[in-house]
Amino acid sequence: MSTWTYTVSVRELCEFTAKHGDLDRRFTPSATALEGLQGQQTVAQRRGADYETQLALEDTVGPLRVRGRADGYDPRRRCLEEIKTLRGHPDEIPANRRQLHWAQLQTYGALFCRSRGLEEVALALVYFDVASQNEVELRQVFGAAELDAEFQARCAAFLGWAEQEAQHRAARNAALQQLAFPQGPFRQGQRGLAEAVYRTAVRGRSLLAQAPTGIGKTVGTLFPLLRAMPGPGAAGEITKIAYLTCKGTGRLTALEALGALRRGTAGQALRVQALVAKEQACEHPDKACHGDACPLARGFYDRLPAARAEAVAAGWLDAPAQRRMALRHGICPYYLGQELVRWADVLVGDVHHLFSSQGLLWGLAQALDWQLAVLVDEAHNLLERARDMYSAELDLDALRNAAAQPSAASGLLERLQQASVALLADGEEAQEPYRVLPAAPDDWAQALLAAAGALAEHFHQHPLQLGPLLQFHFMLQRFTRLVDALSDHSLLELHRGSPVGNSSGGSRIAVRNVAPACFLRQRFAALHSSTLFSATLAPPGHAQRLLGLPDDTAWIDVPPAFPPEHLQVQVAHGVSTRYAHRRRSLQQLVGVMTKQFDTHPGNYLAFFSSFEYLDQAADLLALQRPDLPQWRQDRRMSSDARQDFLARFHPQGQGIAFAVLGGVFAEGVDLPGRQLIGAFIATLGLPPVSPQQDQMNARLHKLFGTAAADAELVPALQKVVQAAGRVLRTPQDRGWLWLLDDRYARPDVVALLPPWWGLPGSRGPLMVQCGN
Ligand code: SF4
């Protein structure tokens with residue numbers, strides 16, 4: 001008798017055992033998860049009242065427990081159905097993917113016959129096109145004995161792998177219970193953060209953690225989550241941990257921290273994988289992902305098992321390791337990575353892997369029933385990143401170019417172009433360069449759907465074609481989906497450019513997301529647990545509302561790791577940097593900067609809201625104080641130029657560096673000690689007054705009422721606090737912070753700044769709050 005058991009989903013079992021031959025990633029536009037769900041509901045409604053949906057099926061074969069949910073059973077026809085939603089016709093589905101669909105359905109069939117004691121059953125693969133709402137049914141009757149023999153053979157083929165996985169999980173969980181903190185004693189504030197993350201994980205909840213730079217947030221969040229992974233608490237075992245960042249640099253830090261944790265005996269049991277973007281992993285960017293085009297796609301599934309076995313044995317799967325293993329086995333590194341995600345314990349990737357509409361982690365977590373625990377680093381950026389994920393633009397010049405290229409879709413693309421031009425020119429306000437429509441007009445929406453469908457069909461027929469038309473096709477699919485999902489959470493915008501020659505001069509139709517909460521709420525709710533952390537997250541209600549975090553999300557505000565008096569914060573009271581006053585106040589700004597520099601010479605960073613404003617101030621300073629060294633951020637800086645900019649901050653140096661607020665030098669820049677002794681921040685970082693901003697504010701007000709009053713101010717001041725965070729990097733650092741605007745004395749502004757800055761009227765000494 002086996003001493004181990006292993007539970008596997010039907011989908012996982014079939015993907016493991018039924019995939020053979022080439023990789024075939026034709027550009028088949030798949031349905032989104034929401035479309036999939038709606039498609040299944042539509043089919044179910046068509047079947048009648050006695051139709052059974054989502055049949056939970058489960059049985060064992062030796063130590064293997066196999067479970068899943070069959071989509072539906074029609075008792076009148078005695079037919080078990082598997083519904084696959086797609087965009088297009090099932091004929092274009094590659095043969096090996098169709099084979100996989102049959103394998104899944106037959107496995108459900110075997111489980112169904114076992115559970116109901118049937119001798120035979122009809123099985124139907126139902127392909128539902130979400131665009132046309134048409135169904136194509138492939139139906140066949142199978143005997144129970146035949147299905148069961150196939151099922152047992154499938155389980156036998158998986159058994160060896162299952163045993164290895166069961167042993168890995170047991171060893172991993174045992175090791176994690178012994179995992180030691182890799183950095184010796186906790187730093188100040190780090191323990192409180194770690195405890196809050198641990199509590200959140202064992203209770204299966206969400207946490208917003210504001211914690212200052214320098215306390216070791218990466219290890220301080222990863223370590224407790226790993227300790228919680230075996231599942232001592234009410235929320236049970238964590239299947240996988242995803243460490244997600246909003247910017248690339250954080251991923252390196254996370255991998256370093258995980259490397260340190262793995263160096264300990266207990267940590268070696270962990271499988272760690274970096275999620276690599278296709279552009280970085282692809283070895284043949286000039287080819288299509290198809291066995292007929294790319295040599296690394298040919299025979300992919302035949303060679304996958306050996307590569308997979310090697311990868312899980314190695315356990316450490318950063319990008320170079322994945323590439324090495326893939327090439328050794330003659331398969332694509334990118335798609336090997338996609339397969340390995342299923343077997344890794346900790347995944348390090350970008351937030352889009354979970355939160356975008358086609359996010360890999362979201363799709364797999366749903367399909368394979370993962371208990372996924374998530375850490376989001378630099379989470380103050382998540383709102384803007386999520387808004388981008390659910391925004392898209394249809395550029396009229398790009399549309400015209402696409403229509404001009406030879407394809408079966410060019411006629412319908414031309415029609416869409418005409419409909420779009422007419423839409424932009426329509427109405428009394430047509431002369432306005434910008435306006436918002438309450439909804440997508442029917443005729444235009446139909447032209448859009450028809451063009452997107454025709455282009456999809458074209459790429460079904462020409463799976464190996466690459467180039468700009470393919471890029472336009474991807475964009476159009478995304479845009480069409482967002483138009484389809486339009487609601488109060490997004491604006492449908494018309495931007496009217498000036499016609500130049502044969503061009504539309506920047507004219508475009510855009511879907512701009514304002515509040516991604518409605519897309520993300522369901523995701524947060526389905527996670528095992530989530531912790532969003534950053535040095536600037538206050539006030540928590542802002543992130544919670546706009547991102548759709550659960551109502552019981554906890555909040556912790558970790559004190560800084562240095563005495564507050566090490567940072568001297570001053571407000572330039574007589575200075576106004578409002579747009580209308582900028583020219584007049586330049587002299588005052590420069591006066592404050594030179595006085596501070598002359599009193600305490602050293603390296604300073606001066607932040608401005610735009611390059612134009614930055615240049616005005618820097619020019620005046622250069623004119624008045626040619627002796628005072630200065631250097632500036634450029635609009636387009638290469639990575640070498642950025643390095644040169646930072647290299648000038650040497651400990652013995654002196655000067656003022658000019659940079660833009662919210663730019664590359666305002667976040668993630670580490671200049672400890674005398675490398676940086678102070679910062680000047682001109683303006684509040686508010687977005688410029690514009691019709692677009694007005695529309696966004698109005699929409700937020702409509703969605704959240706007065707709770708959205710600070711919607712503009714919060715992200716602006718988060719940028720200010722991030723920039724100010726460059727000054728003190730270690731407990732020994734001391735420095736100066738000048739807030740160059742009289743509005744920094746306003747109570748509503750002070751209320752959103754760190755209390756330990758000690759501004760008059762702030763909420764006093766730092767408080768640690770924790771809702772859990
Ligand atoms: S190497 Fe590139 S083209 Fe080939 S299968 Fe991989 S991603 Fe596709």
# chains A, B, ... in the order shown; residues from 1 in each chain; ligands from 1
>>> closest_atom_pairs(of="chain A", to="ligand 1", cutoff="8 Å", atoms="only C-alpha atoms and all ligand atoms", output="tab-separated table")
residue	atom	partner	partner_atom_place_in_ligand_line	distance
A:Leu23	CA	ligand 1	5 (S)	7.1
A:Arg25	CA	ligand 1	8 (Fe)	7.9
A:Lys278	CA	ligand 1	7 (S)	6.1
A:Glu279	CA	ligand 1	7 (S)	7.8
A:Ala281	CA	ligand 1	7 (S)	6.8
A:Cys282	CA	ligand 1	2 (Fe)	3.7
A:Glu283	CA	ligand 1	1 (S)	4.3
A:His284	CA	ligand 1	2 (Fe)	4.5
A:Pro285	CA	ligand 1	2 (Fe)	5.3
A:Asp286	CA	ligand 1	3 (S)	6.9
A:Lys287	CA	ligand 1	3 (S)	4.7
A:Ala288	CA	ligand 1	3 (S)	4.9
A:Cys289	CA	ligand 1	8 (Fe)	3.5
A:His290	CA	ligand 1	5 (S)	6.3
A:Gly291	CA	ligand 1	5 (S)	7.9
A:Ala293	CA	ligand 1	3 (S)	7.7
A:Cys294	CA	ligand 1	4 (Fe)	4.7
A:Pro295	CA	ligand 1	4 (Fe)	6.7
A:Leu296	CA	ligand 1	4 (Fe)	5.2
A:Ala297	CA	ligand 1	5 (S)	4.6
A:Ile331	CA	ligand 1	6 (Fe)	7.6
A:Cys332	CA	ligand 1	6 (Fe)	4.2
A:Pro333	CA	ligand 1	6 (Fe)	6.3
A:Tyr334	CA	ligand 1	6 (Fe)	5.6
A:Tyr335	CA	ligand 1	6 (Fe)	6.2
>>> write_last_selection(atoms="C-alpha atoms", output="JSON list (two decimals), in the first residue's frame")
[["chain", "number", "residue", "atom", "x", "y", "z"],
["A", 23, "LEU", "CA", 3.73, 23.31, -30.31],
["A", 25, "ARG", "CA", 0.28, 28.56, -31.04],
["A", 278, "LYS", "CA", 8.21, 36.32, -24.54],
["A", 279, "GLU", "CA", 10.29, 39.09, -26.10],
["A", 281, "ALA", "CA", 12.85, 34.40, -24.02],
["A", 282, "CYS", "CA", 12.13, 33.90, -27.72],
["A", 283, "GLU", "CA", 15.06, 32.52, -29.73],
["A", 284, "HIS", "CA", 13.42, 33.12, -33.12],
["A", 285, "PRO", "CA", 11.54, 36.42, -33.05],
["A", 286, "ASP", "CA", 11.20, 36.32, -36.84],
["A", 287, "LYS", "CA", 9.19, 33.09, -36.73],
["A", 288, "ALA", "CA", 5.70, 32.01, -35.73],
["A", 289, "CYS", "CA", 5.23, 29.70, -32.74],
["A", 290, "HIS", "CA", 4.35, 26.74, -34.86],
["A", 291, "GLY", "CA", 6.06, 23.48, -35.73],
["A", 293, "ALA", "CA", 7.97, 27.64, -38.72],
["A", 294, "CYS", "CA", 10.10, 27.43, -35.59],
["A", 295, "PRO", "CA", 12.54, 24.56, -34.96],
["A", 296, "LEU", "CA", 12.02, 24.91, -31.22],
["A", 297, "ALA", "CA", 8.29, 24.36, -31.62],
["A", 331, "ILE", "CA", 12.62, 23.21, -27.27],
["A", 332, "CYS", "CA", 11.39, 26.77, -26.85],
["A", 333, "PRO", "CA", 12.52, 28.42, -23.58],
["A", 334, "TYR", "CA", 9.44, 30.61, -23.39],
["A", 335, "TYR", "CA", 6.94, 27.79, -23.67]]
>>> residues_around(residues="Ala175 (chain A)", least_positions_apart="5", cutoff="12 Å", atoms="only C-alpha atoms", output="PyMOL selection string")
chain A and resi 168-170+180+226-230+261-262+264-270
>>> residues_around(residues="Leu147 (chain A)", least_positions_apart="6", cutoff="12 Å", atoms="only C-alpha atoms", output="list in words")
Trp102, Ala103, Gln104, Leu105, Gln106, Thr107, Tyr108, Gly109, Ala110, Leu111, Phe112, Cys113, Arg114, Leu118, Glu119, Glu120, Val121, Ala122, Leu123, Val141, Ala153 and Arg154 of chain A
>>> closest_residue(among="A:Glu493, A:Glu163, A:Asp395, A:Glu432", to="Leu416 (chain A)", atoms="only C-alpha atoms")
A:Asp395
>>> atom_distance(atom1="CA of Phe680 (chain A)", atom2="CA of Gln188 (chain A)")
27.6 Å
>>> closest_residue(among="A:Gly655, A:His600, A:Gln38, A:Asn173", to="Pro626 (chain A)", atoms="only C-alpha atoms")
A:Gly655
>>> decode(residues="region 596-644 of chain A", atoms="N, CA and C atoms", output="mmCIF file, in the first residue's frame")
data_model
loop_
_atom_site.group_PDB
_atom_site.id
_atom_site.type_symbol
_atom_site.label_atom_id
_atom_site.label_comp_id
_atom_site.auth_asym_id
_atom_site.auth_seq_id
_atom_site.Cartn_x
_atom_site.Cartn_y
_atom_site.Cartn_z
ATOM 1 N N GLN A 596 19.995 76.758 0.843
ATOM 2 C CA GLN A 596 20.173 75.448 1.478
ATOM 3 C C GLN A 596 21.546 74.856 1.115
ATOM 4 N N PHE A 597 21.876 74.972 -0.165
ATOM 5 C CA PHE A 597 23.147 74.402 -0.631
ATOM 6 C C PHE A 597 24.331 75.121 0.029
ATOM 7 N N ASP A 598 24.253 76.438 0.117
ATOM 8 C CA ASP A 598 25.386 77.177 0.704
ATOM 9 C C ASP A 598 25.535 76.866 2.186
ATOM 10 N N THR A 599 24.385 76.646 2.872
ATOM 11 C CA THR A 599 24.452 76.345 4.305
ATOM 12 C C THR A 599 24.950 74.921 4.546
ATOM 13 N N HIS A 600 24.477 73.982 3.708
ATOM 14 C CA HIS A 600 24.864 72.566 3.883
ATOM 15 C C HIS A 600 25.289 72.003 2.525
ATOM 16 N N PRO A 601 26.493 72.265 2.119
ATOM 17 C CA PRO A 601 26.911 71.792 0.791
ATOM 18 C C PRO A 601 26.906 70.259 0.714
ATOM 19 N N GLY A 602 26.574 69.753 -0.430
ATOM 20 C CA GLY A 602 26.529 68.298 -0.640
ATOM 21 C C GLY A 602 25.703 68.020 -1.891
ATOM 22 N N ASN A 603 25.306 66.784 -2.050
ATOM 23 C CA ASN A 603 24.504 66.403 -3.230
ATOM 24 C C ASN A 603 23.010 66.506 -2.932
ATOM 25 N N TYR A 604 22.278 67.140 -3.846
ATOM 26 C CA TYR A 604 20.826 67.294 -3.700
ATOM 27 C C TYR A 604 20.131 66.820 -4.977
ATOM 28 N N LEU A 605 18.885 66.392 -4.802
ATOM 29 C CA LEU A 605 18.021 66.135 -5.959
ATOM 30 C C LEU A 605 16.886 67.147 -5.920
ATOM 31 N N ALA A 606 16.606 67.778 -7.061
ATOM 32 C CA ALA A 606 15.473 68.712 -7.137
ATOM 33 C C ALA A 606 14.450 68.146 -8.111
ATOM 34 N N PHE A 607 13.225 67.941 -7.630
ATOM 35 C CA PHE A 607 12.189 67.310 -8.456
ATOM 36 C C PHE A 607 11.175 68.344 -8.944
ATOM 37 N N PHE A 608 10.850 68.241 -10.229
ATOM 38 C CA PHE A 608 9.860 69.142 -10.844
ATOM 39 C C PHE A 608 8.817 68.305 -11.573
ATOM 40 N N SER A 609 7.656 68.947 -11.838
ATOM 41 C CA SER A 609 6.556 68.157 -12.398
ATOM 42 C C SER A 609 6.696 67.906 -13.897
ATOM 43 N N SER A 610 7.579 68.643 -14.578
ATOM 44 C CA SER A 610 7.735 68.424 -16.020
ATOM 45 C C SER A 610 9.157 68.809 -16.431
ATOM 46 N N PHE A 611 9.554 68.337 -17.613
ATOM 47 C CA PHE A 611 10.884 68.691 -18.113
ATOM 48 C C PHE A 611 10.976 70.190 -18.400
ATOM 49 N N GLU A 612 9.875 70.735 -18.862
ATOM 50 C CA GLU A 612 9.865 72.167 -19.189
ATOM 51 C C GLU A 612 10.132 72.997 -17.929
ATOM 52 N N TYR A 613 9.429 72.648 -16.875
ATOM 53 C CA TYR A 613 9.579 73.371 -15.603
ATOM 54 C C TYR A 613 10.985 73.157 -15.031
ATOM 55 N N LEU A 614 11.438 71.917 -15.138
ATOM 56 C CA LEU A 614 12.784 71.564 -14.652
ATOM 57 C C LEU A 614 13.838 72.427 -15.352
ATOM 58 N N ASP A 615 13.698 72.545 -16.695
ATOM 59 C CA ASP A 615 14.691 73.327 -17.455
ATOM 60 C C ASP A 615 14.655 74.800 -17.067
ATOM 61 N N GLN A 616 13.466 75.321 -16.837
ATOM 62 C CA GLN A 616 13.363 76.746 -16.459
ATOM 63 C C GLN A 616 14.134 76.999 -15.159
ATOM 64 N N ALA A 617 13.914 76.138 -14.175
ATOM 65 C CA ALA A 617 14.579 76.339 -12.886
ATOM 66 C C ALA A 617 16.085 76.115 -12.990
ATOM 67 N N ALA A 618 16.469 75.066 -13.725
ATOM 68 C CA ALA A 618 17.899 74.757 -13.854
ATOM 69 C C ALA A 618 18.620 75.859 -14.632
ATOM 70 N N ASP A 619 17.959 76.390 -15.669
ATOM 71 C CA ASP A 619 18.573 77.488 -16.449
ATOM 72 C C ASP A 619 18.802 78.710 -15.569
ATOM 73 N N LEU A 620 17.792 79.045 -14.767
ATOM 74 C CA LEU A 620 17.938 80.232 -13.906
ATOM 75 C C LEU A 620 19.062 80.016 -12.877
ATOM 76 N N LEU A 621 19.106 78.823 -12.329
ATOM 77 C CA LEU A 621 20.175 78.534 -11.364
ATOM 78 C C LEU A 621 21.552 78.638 -12.037
ATOM 79 N N ALA A 622 21.652 78.106 -13.251
ATOM 80 C CA ALA A 622 22.938 78.158 -13.982
ATOM 81 C C ALA A 622 23.345 79.603 -14.234
ATOM 82 N N LEU A 623 22.342 80.429 -14.525
ATOM 83 C CA LEU A 623 22.619 81.842 -14.815
ATOM 84 C C LEU A 623 23.113 82.564 -13.568
ATOM 85 N N GLN A 624 22.428 82.298 -12.473
ATOM 86 C CA GLN A 624 22.752 83.036 -11.249
ATOM 87 C C GLN A 624 23.930 82.439 -10.486
ATOM 88 N N ARG A 625 24.087 81.137 -10.579
ATOM 89 C CA ARG A 625 25.164 80.498 -9.822
ATOM 90 C C ARG A 625 25.957 79.538 -10.721
ATOM 91 N N PRO A 626 26.736 80.104 -11.638
ATOM 92 C CA PRO A 626 27.502 79.216 -12.523
ATOM 93 C C PRO A 626 28.498 78.349 -11.764
ATOM 94 N N ASP A 627 28.827 78.759 -10.529
ATOM 95 C CA ASP A 627 29.784 77.975 -9.732
ATOM 96 C C ASP A 627 29.157 76.722 -9.122
ATOM 97 N N LEU A 628 27.809 76.681 -9.100
ATOM 98 C CA LEU A 628 27.143 75.565 -8.406
ATOM 99 C C LEU A 628 26.927 74.412 -9.396
ATOM 100 N N PRO A 629 27.611 73.273 -9.185
ATOM 101 C CA PRO A 629 27.485 72.177 -10.158
ATOM 102 C C PRO A 629 26.028 71.700 -10.268
ATOM 103 N N GLN A 630 25.603 71.425 -11.445
ATOM 104 C CA GLN A 630 24.243 70.876 -11.637
ATOM 105 C C GLN A 630 24.245 69.904 -12.804
ATOM 106 N N TRP A 631 23.331 68.951 -12.783
ATOM 107 C CA TRP A 631 23.131 68.031 -13.896
ATOM 108 C C TRP A 631 21.650 67.693 -13.963
ATOM 109 N N ARG A 632 21.226 67.315 -15.180
ATOM 110 C CA ARG A 632 19.768 67.219 -15.399
ATOM 111 C C ARG A 632 19.371 65.878 -16.027
ATOM 112 N N GLN A 633 18.165 65.476 -15.694
ATOM 113 C CA GLN A 633 17.547 64.330 -16.373
ATOM 114 C C GLN A 633 17.091 64.804 -17.755
ATOM 115 N N ASP A 634 17.317 63.952 -18.790
ATOM 116 C CA ASP A 634 16.848 64.272 -20.143
ATOM 117 C C ASP A 634 15.541 63.544 -20.435
ATOM 118 N N ARG A 635 14.882 64.018 -21.488
ATOM 119 C CA ARG A 635 13.615 63.364 -21.856
ATOM 120 C C ARG A 635 13.833 61.900 -22.238
ATOM 121 N N ARG A 636 14.852 61.636 -23.041
ATOM 122 C CA ARG A 636 15.111 60.246 -23.448
ATOM 123 C C ARG A 636 16.534 59.892 -23.051
ATOM 124 N N MET A 637 16.665 59.161 -21.971
ATOM 125 C CA MET A 637 17.999 58.815 -21.494
ATOM 126 C C MET A 637 18.268 57.334 -21.722
ATOM 127 N N SER A 638 19.431 57.035 -22.284
ATOM 128 C CA SER A 638 19.820 55.630 -22.445
ATOM 129 C C SER A 638 20.184 55.093 -21.059
ATOM 130 N N SER A 639 20.369 53.778 -20.959
ATOM 131 C CA SER A 639 20.713 53.264 -19.637
ATOM 132 C C SER A 639 22.113 53.719 -19.227
ATOM 133 N N ASP A 640 23.010 53.933 -20.211
ATOM 134 C CA ASP A 640 24.341 54.478 -19.876
ATOM 135 C C ASP A 640 24.217 55.889 -19.318
ATOM 136 N N ALA A 641 23.353 56.686 -19.955
ATOM 137 C CA ALA A 641 23.190 58.074 -19.494
ATOM 138 C C ALA A 641 22.608 58.101 -18.077
ATOM 139 N N ARG A 642 21.734 57.150 -17.793
ATOM 140 C CA ARG A 642 21.166 57.084 -16.428
ATOM 141 C C ARG A 642 22.255 56.733 -15.426
ATOM 142 N N GLN A 643 23.099 55.791 -15.835
ATOM 143 C CA GLN A 643 24.205 55.412 -14.945
ATOM 144 C C GLN A 643 25.106 56.617 -14.678
ATOM 145 N N ASP A 644 25.402 57.396 -15.745
ATOM 146 C CA ASP A 644 26.261 58.580 -15.587
ATOM 147 C C ASP A 644 25.607 59.582 -14.634
#
